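Undergrad: Got structure38.cif for you, mmCIF, C-alpha atoms:
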data_entry
loop_
_atom_site.group_PDB
_atom_site.id
_atom_site.type_symbol
_atom_site.label_atom_id
_atom_site.label_comp_id
_atom_site.auth_asym_id
_atom_site.auth_seq_id
_atom_site.Cartn_x
_atom_site.Cartn_y
_atom_site.Cartn_z
ATOM 1 C CA MET A 1 -39.828 -10.085 13.123
ATOM 2 C CA TYR A 2 -37.441 -7.179 12.593
ATOM 3 C CA LEU A 3 -36.459 -4.827 15.427
ATOM 4 C CA ILE A 4 -34.996 -1.366 15.642
ATOM 5 C CA ILE A 5 -34.048 -0.468 19.201
ATOM 6 C CA VAL A 6 -33.078 3.063 20.220
ATOM 7 C CA TYR A 7 -32.125 3.985 23.757
ATOM 8 C CA ASP A 8 -31.248 6.846 26.020
ATOM 9 C CA ILE A 9 -29.664 5.294 29.102
ATOM 10 C CA LYS A 10 -27.852 6.867 32.061
ATOM 11 C CA VAL A 11 -24.087 6.462 31.777
ATOM 12 C CA GLU A 12 -23.843 3.992 34.688
ATOM 13 C CA ARG A 13 -26.026 1.462 32.848
ATOM 14 C CA VAL A 14 -25.361 2.181 29.193
ATOM 15 C CA ASN A 15 -22.536 -0.329 28.737
ATOM 16 C CA LYS A 16 -24.642 -3.097 30.188
ATOM 17 C CA VAL A 17 -27.443 -2.338 27.740
ATOM 18 C CA LYS A 18 -24.997 -2.075 24.839
ATOM 19 C CA SER A 19 -23.230 -5.342 25.555
ATOM 20 C CA PHE A 20 -26.511 -7.186 26.046
ATOM 21 C CA LEU A 21 -27.893 -5.875 22.753
ATOM 22 C CA ARG A 22 -24.652 -6.709 20.932
ATOM 23 C CA GLN A 23 -25.195 -10.350 21.761
ATOM 24 C CA ASN A 24 -28.579 -10.302 20.076
ATOM 25 C CA LEU A 25 -28.661 -7.602 17.398
ATOM 26 C CA TYR A 26 -26.459 -5.474 15.153
ATOM 27 C CA TRP A 27 -25.036 -2.200 16.358
ATOM 28 C CA ILE A 28 -26.068 0.411 13.783
ATOM 29 C CA GLN A 29 -25.362 3.757 15.390
ATOM 30 C CA ASN A 30 -24.224 5.052 18.781
ATOM 31 C CA SER A 31 -27.475 4.112 20.521
ATOM 32 C CA VAL A 32 -29.292 2.159 17.838
ATOM 33 C CA PHE A 33 -29.445 -1.590 17.258
ATOM 34 C CA GLU A 34 -31.265 -3.597 14.588
ATOM 35 C CA GLY A 35 -31.917 -7.180 13.742
ATOM 36 C CA GLU A 36 -34.188 -10.057 12.856
ATOM 37 C CA VAL A 37 -35.448 -12.032 15.861
ATOM 38 C CA THR A 38 -37.971 -14.731 16.619
ATOM 39 C CA LYS A 39 -40.946 -14.088 18.862
ATOM 40 C CA SER A 40 -39.215 -15.853 21.746
ATOM 41 C CA GLU A 41 -35.977 -13.930 21.222
ATOM 42 C CA TYR A 42 -38.024 -10.753 21.264
ATOM 43 C CA ASN A 43 -39.639 -11.698 24.561
ATOM 44 C CA TYR A 44 -36.222 -12.537 26.012
ATOM 45 C CA ILE A 45 -34.741 -9.195 24.882
ATOM 46 C CA LEU A 46 -37.686 -7.295 26.322
ATOM 47 C CA SER A 47 -37.533 -8.994 29.704
ATOM 48 C CA GLU A 48 -33.745 -8.677 30.009
ATOM 49 C CA LEU A 49 -33.814 -4.987 29.113
ATOM 50 C CA LYS A 50 -36.473 -4.420 31.755
ATOM 51 C CA LYS A 51 -34.139 -5.975 34.321
ATOM 52 C CA ILE A 52 -31.186 -3.781 33.339
ATOM 53 C CA VAL A 53 -32.760 -0.336 33.038
ATOM 54 C CA ASP A 54 -34.137 2.065 35.602
ATOM 55 C CA GLU A 55 -37.583 2.823 34.189
ATOM 56 C CA ASN A 56 -37.634 6.208 35.938
ATOM 57 C CA GLU A 57 -34.394 7.404 34.377
ATOM 58 C CA ASP A 58 -33.843 5.479 31.156
ATOM 59 C CA SER A 59 -35.758 5.172 27.918
ATOM 60 C CA ILE A 60 -35.771 2.399 25.337
ATOM 61 C CA ILE A 61 -37.977 2.362 22.266
ATOM 62 C CA ILE A 62 -38.426 -0.882 20.373
ATOM 63 C CA TYR A 63 -39.890 -0.611 16.875
ATOM 64 C CA LYS A 64 -41.197 -3.918 15.553
ATOM 65 C CA PHE A 65 -41.884 -4.858 11.934
ATOM 66 C CA ARG A 66 -43.053 -8.021 10.326
ATOM 67 C CA THR A 67 -39.993 -7.959 8.051
ATOM 68 C CA ASP A 68 -37.318 -5.448 7.162
ATOM 69 C CA ASN A 69 -39.029 -5.112 3.764
ATOM 70 C CA ALA A 70 -41.532 -2.878 5.537
ATOM 71 C CA MET A 71 -38.948 -0.103 5.723
ATOM 72 C CA LYS A 72 -36.352 1.653 3.645
ATOM 73 C CA LYS A 73 -33.261 3.178 5.116
ATOM 74 C CA GLU A 74 -31.376 6.287 4.117
ATOM 75 C CA ILE A 75 -28.063 7.134 5.768
ATOM 76 C CA ILE A 76 -26.437 10.552 5.869
ATOM 77 C CA GLY A 77 -22.798 10.629 6.934
ATOM 78 C CA ILE A 78 -21.018 7.871 8.798
ATOM 79 C CA GLU A 79 -22.356 4.371 8.343
ATOM 80 C CA LYS A 80 -21.356 1.647 10.752
ATOM 81 C CA SER A 81 -20.792 -1.707 9.165
ATOM 82 C CA PRO A 82 -23.070 -4.177 10.951
ATOM 83 C CA ILE A 83 -20.941 -7.058 9.709
ATOM 84 C CA GLY A 84 -17.883 -5.792 11.549
ATOM 85 C CA GLU A 85 -19.680 -5.526 14.857
ATOM 86 C CA ILE A 86 -19.418 -9.061 16.164
ATOM 87 C CA LEU A 87 -17.655 -8.152 19.390
ATOM 88 C CA MET B 1 -44.889 8.329 4.408
ATOM 89 C CA TYR B 2 -43.790 7.828 8.005
ATOM 90 C CA LEU B 3 -40.250 8.605 9.187
ATOM 91 C CA ILE B 4 -38.125 7.625 12.143
ATOM 92 C CA ILE B 5 -34.913 9.616 12.276
ATOM 93 C CA VAL B 6 -32.060 8.745 14.635
ATOM 94 C CA TYR B 7 -28.845 10.713 14.783
ATOM 95 C CA ASP B 8 -25.418 10.833 16.316
ATOM 96 C CA ILE B 9 -24.141 14.372 15.759
ATOM 97 C CA LYS B 10 -21.078 16.193 17.117
ATOM 98 C CA VAL B 11 -21.991 18.569 19.922
ATOM 99 C CA GLU B 12 -21.265 21.717 17.871
ATOM 100 C CA ARG B 13 -23.992 20.833 15.363
ATOM 101 C CA VAL B 14 -26.491 18.834 17.400
ATOM 102 C CA ASN B 15 -28.708 21.765 18.397
ATOM 103 C CA LYS B 16 -29.023 22.869 14.801
ATOM 104 C CA VAL B 17 -30.154 19.372 13.781
ATOM 105 C CA LYS B 18 -32.545 19.152 16.727
ATOM 106 C CA SER B 19 -34.196 22.498 16.117
ATOM 107 C CA PHE B 20 -34.555 21.808 12.401
ATOM 108 C CA LEU B 21 -36.161 18.430 13.041
ATOM 109 C CA ARG B 22 -38.469 19.905 15.687
ATOM 110 C CA GLN B 23 -39.992 22.109 13.020
ATOM 111 C CA ASN B 24 -40.882 19.095 10.926
ATOM 112 C CA LEU B 25 -41.308 16.043 13.153
ATOM 113 C CA TYR B 26 -42.026 14.955 16.727
ATOM 114 C CA TRP B 27 -39.242 14.593 19.244
ATOM 115 C CA ILE B 28 -39.541 11.066 20.649
ATOM 116 C CA GLN B 29 -36.314 10.427 22.520
ATOM 117 C CA ASN B 30 -33.021 12.235 23.073
ATOM 118 C CA SER B 31 -31.837 11.733 19.488
ATOM 119 C CA VAL B 32 -34.927 10.282 17.831
ATOM 120 C CA PHE B 33 -37.655 12.038 15.845
ATOM 121 C CA GLU B 34 -40.757 10.625 14.170
ATOM 122 C CA GLY B 35 -43.543 11.821 11.977
ATOM 123 C CA GLU B 36 -45.723 11.611 8.911
ATOM 124 C CA VAL B 37 -44.438 13.592 5.931
ATOM 125 C CA THR B 38 -45.200 14.016 2.266
ATOM 126 C CA LYS B 39 -42.696 13.035 -0.399
ATOM 127 C CA SER B 40 -41.729 16.666 -0.911
ATOM 128 C CA GLU B 41 -41.343 17.271 2.833
ATOM 129 C CA TYR B 42 -39.125 14.208 2.942
ATOM 130 C CA ASN B 43 -36.932 15.561 0.158
ATOM 131 C CA TYR B 44 -36.714 18.911 1.911
ATOM 132 C CA ILE B 45 -35.722 17.294 5.229
ATOM 133 C CA LEU B 46 -33.079 15.178 3.522
ATOM 134 C CA SER B 47 -31.513 18.082 1.674
ATOM 135 C CA GLU B 48 -31.525 20.390 4.723
ATOM 136 C CA LEU B 49 -29.957 17.725 6.941
ATOM 137 C CA LYS B 50 -27.223 17.213 4.353
ATOM 138 C CA LYS B 51 -26.452 20.932 4.536
ATOM 139 C CA ILE B 52 -26.229 20.945 8.335
ATOM 140 C CA VAL B 53 -24.181 17.843 9.078
ATOM 141 C CA ASP B 54 -20.543 17.005 8.507
ATOM 142 C CA GLU B 55 -20.777 13.701 6.658
ATOM 143 C CA ASN B 56 -17.317 12.661 7.921
ATOM 144 C CA GLU B 57 -18.187 13.115 11.581
ATOM 145 C CA ASP B 58 -21.948 12.809 11.964
ATOM 146 C CA SER B 59 -24.441 10.059 11.299
ATOM 147 C CA ILE B 60 -28.161 10.243 10.593
ATOM 148 C CA ILE B 61 -30.318 7.245 9.794
ATOM 149 C CA ILE B 62 -33.734 7.809 8.253
ATOM 150 C CA TYR B 63 -36.129 4.865 8.344
ATOM 151 C CA LYS B 64 -39.047 5.255 5.926
ATOM 152 C CA PHE B 65 -42.371 3.407 5.985
ATOM 153 C CA ARG B 66 -45.435 3.649 3.857
ATOM 154 C CA THR B 67 -47.525 4.266 6.996
ATOM 155 C CA ASP B 68 -46.990 3.983 10.723
ATOM 156 C CA ASN B 69 -49.233 0.892 10.611
ATOM 157 C CA ALA B 70 -46.176 -0.957 9.332
ATOM 158 C CA MET B 71 -44.648 -0.882 12.812
ATOM 159 C CA LYS B 72 -45.505 -1.458 16.419
ATOM 160 C CA LYS B 73 -43.777 0.365 19.213
ATOM 161 C CA GLU B 74 -42.865 -0.816 22.675
ATOM 162 C CA ILE B 75 -41.451 1.623 25.212
ATOM 163 C CA ILE B 76 -39.466 0.718 28.305
ATOM 164 C CA GLY B 77 -39.009 3.486 30.863
ATOM 165 C CA ILE B 78 -39.454 7.168 30.178
ATOM 166 C CA GLU B 79 -41.788 8.145 27.369
ATOM 167 C CA LYS B 80 -41.711 11.619 25.929
ATOM 168 C CA SER B 81 -45.078 13.047 25.065
ATOM 169 C CA PRO B 82 -44.940 14.007 21.399
ATOM 170 C CA ILE B 83 -47.931 16.283 21.862
ATOM 171 C CA GLY B 84 -46.079 18.441 24.379
ATOM 172 C CA GLU B 85 -43.124 18.982 22.105
ATOM 173 C CA ILE B 86 -44.305 21.878 19.987
ATOM 174 C CA LEU B 87 -41.424 24.189 20.890
#
Would you mind writing the structure in this file as structure tokens?
TA:
Amino acid sequence: MYLIIVYDIKVERVNKVKSFLRQNLYWIQNSVFEGEVTKSEYNYILSELKKIVDENEDSIIIYKFRTDNAMKKEIIGIEKSPIGEIL
Amino acid sequence: MYLIIVYDIKVERVNKVKSFLRQNLYWIQNSVFEGEVTKSEYNYILSELKKIVDENEDSIIIYKFRTDNAMKKEIIGIEKSPIGEIL
């Protein structure tokens, strides 16, 4: 399945979220990640994110699609190169 | 069609982007809007956003779907109520 993850995380936890997501997905914009995952990778990502965040202060939205063919993408302005983001 | 718009905009322009998008879509997370639009509404949104942003400094990603049935959504933590956001 294909994921788009957007987050709004308090500053004290944001780097932890970002570095976890970087291991699993592509960094697309300041607080947006994307990528193709298996069902078990998805479950892993979900459970790890739940451990990191404070559910009373932070917000993460995970959009799931069967494939990335389901959506088209239009970018205005700066475009991060996902390929360069293997840090 | 259904849109998810995520943005990373310099502080001097972010309120302009936010208030424009609020007129047309639902505010879902700090820098995320969603909503169903017609083709002509989509074209209007795209052209207005291009007028507001600085394409060298800002970034907006517009994800387009035929319908919102194409995606499932999982939320961790705080969830904004789209219905309350008619400001």
Undergrad: Could you list, with a cut-off of 6 Å and counting all atoms listed in the file, the residues of chain A near chain B, each shown with its nearest atom pair and the distance in Å rounded to one decimal, rows sorted by chain and ascending number, as CSV?
TA:
residue,atom,partner,partner_atom,distance
A:Glu55,CA,B:Gly77,CA,3.7
A:Asn56,CA,B:Gly77,CA,5.9
A:Asp58,CA,B:Gly77,CA,5.5
A:Ser59,CA,B:Gly77,CA,4.7
A:Ile60,CA,B:Ile76,CA,5.0
A:Ile61,CA,B:Ile75,CA,4.6
A:Ile62,CA,B:Glu74,CA,5.0
A:Tyr63,CA,B:Lys73,CA,4.6
A:Lys64,CA,B:Lys72,CA,5.0
A:Phe65,CA,B:Met71,CA,4.9
A:Met71,CA,B:Phe65,CA,4.9
A:Lys72,CA,B:Lys64,CA,5.0
A:Lys73,CA,B:Tyr63,CA,4.6
A:Glu74,CA,B:Ile62,CA,5.0
A:Ile75,CA,B:Ile61,CA,4.6
A:Ile76,CA,B:Ile60,CA,5.0
A:Gly77,CA,B:Glu55,CA,3.7
A:Ile78,CA,B:Ser59,CA,4.8
Undergrad: Can you pull out the residues contacting Val37 in chain B? Cut-off 9 Å, using all atoms listed in the file, and skip same-chain residues under 3 positions away; I want them as a VMD selection string.
TA: chain B and resid 1 to 3 24 to 25 40 to 42
Undergrad: May I have the residues at most 9 Å from (-40.0, 19.2, 14.9) in the file's coordinates, counting only C-alpha atoms, as a ChimeraX atom specification?
TA: /B:18-27,33-35,85-87
Undergrad: Could I have chain B as a PDB file with C-alpha atoms, in the coordinates of the input after it is superimposed on chain A by least squares, pairing all C-alpha atoms in sequence order?
TA:
ATOM      1  CA  MET B   1     -39.815 -10.101  13.122  1.00  0.00           C
ATOM      2  CA  TYR B   2     -37.440  -7.188  12.601  1.00  0.00           C
ATOM      3  CA  LEU B   3     -36.454  -4.825  15.425  1.00  0.00           C
ATOM      4  CA  ILE B   4     -34.993  -1.356  15.643  1.00  0.00           C
ATOM      5  CA  ILE B   5     -34.045  -0.460  19.192  1.00  0.00           C
ATOM      6  CA  VAL B   6     -33.069   3.068  20.223  1.00  0.00           C
ATOM      7  CA  TYR B   7     -32.123   3.987  23.757  1.00  0.00           C
ATOM      8  CA  ASP B   8     -31.252   6.849  26.028  1.00  0.00           C
ATOM      9  CA  ILE B   9     -29.668   5.295  29.117  1.00  0.00           C
ATOM     10  CA  LYS B  10     -27.848   6.862  32.080  1.00  0.00           C
ATOM     11  CA  VAL B  11     -24.093   6.459  31.789  1.00  0.00           C
ATOM     12  CA  GLU B  12     -23.852   3.982  34.696  1.00  0.00           C
ATOM     13  CA  ARG B  13     -26.034   1.458  32.858  1.00  0.00           C
ATOM     14  CA  VAL B  14     -25.376   2.181  29.193  1.00  0.00           C
ATOM     15  CA  ASN B  15     -22.541  -0.321  28.742  1.00  0.00           C
ATOM     16  CA  LYS B  16     -24.637  -3.099  30.203  1.00  0.00           C
ATOM     17  CA  VAL B  17     -27.445  -2.335  27.738  1.00  0.00           C
ATOM     18  CA  LYS B  18     -24.999  -2.076  24.841  1.00  0.00           C
ATOM     19  CA  SER B  19     -23.231  -5.341  25.553  1.00  0.00           C
ATOM     20  CA  PHE B  20     -26.516  -7.180  26.044  1.00  0.00           C
ATOM     21  CA  LEU B  21     -27.899  -5.876  22.760  1.00  0.00           C
ATOM     22  CA  ARG B  22     -24.657  -6.702  20.939  1.00  0.00           C
ATOM     23  CA  GLN B  23     -25.212 -10.349  21.766  1.00  0.00           C
ATOM     24  CA  ASN B  24     -28.592 -10.298  20.082  1.00  0.00           C
ATOM     25  CA  LEU B  25     -28.672  -7.596  17.408  1.00  0.00           C
ATOM     26  CA  TYR B  26     -26.462  -5.472  15.155  1.00  0.00           C
ATOM     27  CA  TRP B  27     -25.043  -2.193  16.358  1.00  0.00           C
ATOM     28  CA  ILE B  28     -26.072   0.413  13.779  1.00  0.00           C
ATOM     29  CA  GLN B  29     -25.379   3.773  15.378  1.00  0.00           C
ATOM     30  CA  ASN B  30     -24.224   5.051  18.762  1.00  0.00           C
ATOM     31  CA  SER B  31     -27.471   4.120  20.521  1.00  0.00           C
ATOM     32  CA  VAL B  32     -29.294   2.162  17.830  1.00  0.00           C
ATOM     33  CA  PHE B  33     -29.451  -1.596  17.262  1.00  0.00           C
ATOM     34  CA  GLU B  34     -31.263  -3.593  14.587  1.00  0.00           C
ATOM     35  CA  GLY B  35     -31.918  -7.177  13.734  1.00  0.00           C
ATOM     36  CA  GLU B  36     -34.187 -10.055  12.862  1.00  0.00           C
ATOM     37  CA  VAL B  37     -35.452 -12.023  15.859  1.00  0.00           C
ATOM     38  CA  THR B  38     -37.967 -14.722  16.623  1.00  0.00           C
ATOM     39  CA  LYS B  39     -40.944 -14.070  18.870  1.00  0.00           C
ATOM     40  CA  SER B  40     -39.231 -15.842  21.752  1.00  0.00           C
ATOM     41  CA  GLU B  41     -35.980 -13.922  21.228  1.00  0.00           C
ATOM     42  CA  TYR B  42     -38.031 -10.744  21.267  1.00  0.00           C
ATOM     43  CA  ASN B  43     -39.634 -11.688  24.573  1.00  0.00           C
ATOM     44  CA  TYR B  44     -36.236 -12.529  26.020  1.00  0.00           C
ATOM     45  CA  ILE B  45     -34.751  -9.192  24.895  1.00  0.00           C
ATOM     46  CA  LEU B  46     -37.691  -7.283  26.340  1.00  0.00           C
ATOM     47  CA  SER B  47     -37.538  -8.995  29.708  1.00  0.00           C
ATOM     48  CA  GLU B  48     -33.739  -8.674  30.010  1.00  0.00           C
ATOM     49  CA  LEU B  49     -33.823  -4.979  29.107  1.00  0.00           C
ATOM     50  CA  LYS B  50     -36.479  -4.414  31.765  1.00  0.00           C
ATOM     51  CA  LYS B  51     -34.146  -5.979  34.327  1.00  0.00           C
ATOM     52  CA  ILE B  52     -31.196  -3.789  33.337  1.00  0.00           C
ATOM     53  CA  VAL B  53     -32.756  -0.349  33.027  1.00  0.00           C
ATOM     54  CA  ASP B  54     -34.141   2.052  35.593  1.00  0.00           C
ATOM     55  CA  GLU B  55     -37.584   2.805  34.188  1.00  0.00           C
ATOM     56  CA  ASN B  56     -37.639   6.207  35.940  1.00  0.00           C
ATOM     57  CA  GLU B  57     -34.399   7.399  34.377  1.00  0.00           C
ATOM     58  CA  ASP B  58     -33.848   5.478  31.154  1.00  0.00           C
ATOM     59  CA  SER B  59     -35.761   5.171  27.919  1.00  0.00           C
ATOM     60  CA  ILE B  60     -35.765   2.403  25.329  1.00  0.00           C
ATOM     61  CA  ILE B  61     -37.975   2.371  22.263  1.00  0.00           C
ATOM     62  CA  ILE B  62     -38.434  -0.882  20.374  1.00  0.00           C
ATOM     63  CA  TYR B  63     -39.887  -0.608  16.878  1.00  0.00           C
ATOM     64  CA  LYS B  64     -41.196  -3.931  15.554  1.00  0.00           C
ATOM     65  CA  PHE B  65     -41.894  -4.874  11.936  1.00  0.00           C
ATOM     66  CA  ARG B  66     -43.051  -8.044  10.328  1.00  0.00           C
ATOM     67  CA  THR B  67     -39.975  -7.977   8.061  1.00  0.00           C
ATOM     68  CA  ASP B  68     -37.299  -5.464   7.177  1.00  0.00           C
ATOM     69  CA  ASN B  69     -39.018  -5.123   3.782  1.00  0.00           C
ATOM     70  CA  ALA B  70     -41.509  -2.881   5.563  1.00  0.00           C
ATOM     71  CA  MET B  71     -38.922  -0.100   5.725  1.00  0.00           C
ATOM     72  CA  LYS B  72     -36.356   1.663   3.631  1.00  0.00           C
ATOM     73  CA  LYS B  73     -33.258   3.190   5.109  1.00  0.00           C
ATOM     74  CA  GLU B  74     -31.383   6.305   4.114  1.00  0.00           C
ATOM     75  CA  ILE B  75     -28.071   7.146   5.760  1.00  0.00           C
ATOM     76  CA  ILE B  76     -26.441  10.560   5.867  1.00  0.00           C
ATOM     77  CA  GLY B  77     -22.799  10.637   6.936  1.00  0.00           C
ATOM     78  CA  ILE B  78     -21.025   7.877   8.796  1.00  0.00           C
ATOM     79  CA  GLU B  79     -22.348   4.361   8.367  1.00  0.00           C
ATOM     80  CA  LYS B  80     -21.353   1.631  10.755  1.00  0.00           C
ATOM     81  CA  SER B  81     -20.759  -1.722   9.164  1.00  0.00           C
ATOM     82  CA  PRO B  82     -23.052  -4.178  10.922  1.00  0.00           C
ATOM     83  CA  ILE B  83     -20.945  -7.067   9.676  1.00  0.00           C
ATOM     84  CA  GLY B  84     -17.872  -5.807  11.518  1.00  0.00           C
ATOM     85  CA  GLU B  85     -19.663  -5.542  14.822  1.00  0.00           C
ATOM     86  CA  ILE B  86     -19.405  -9.079  16.122  1.00  0.00           C
ATOM     87  CA  LEU B  87     -17.620  -8.152  19.348  1.00  0.00           C
TER      88      LEU B  87
END
Undergrad: Work out how far apart CA of Lys51 in chain A and CA of Val11 in chain A are and give it in Å to one decimal.
TA: 16.2 Å
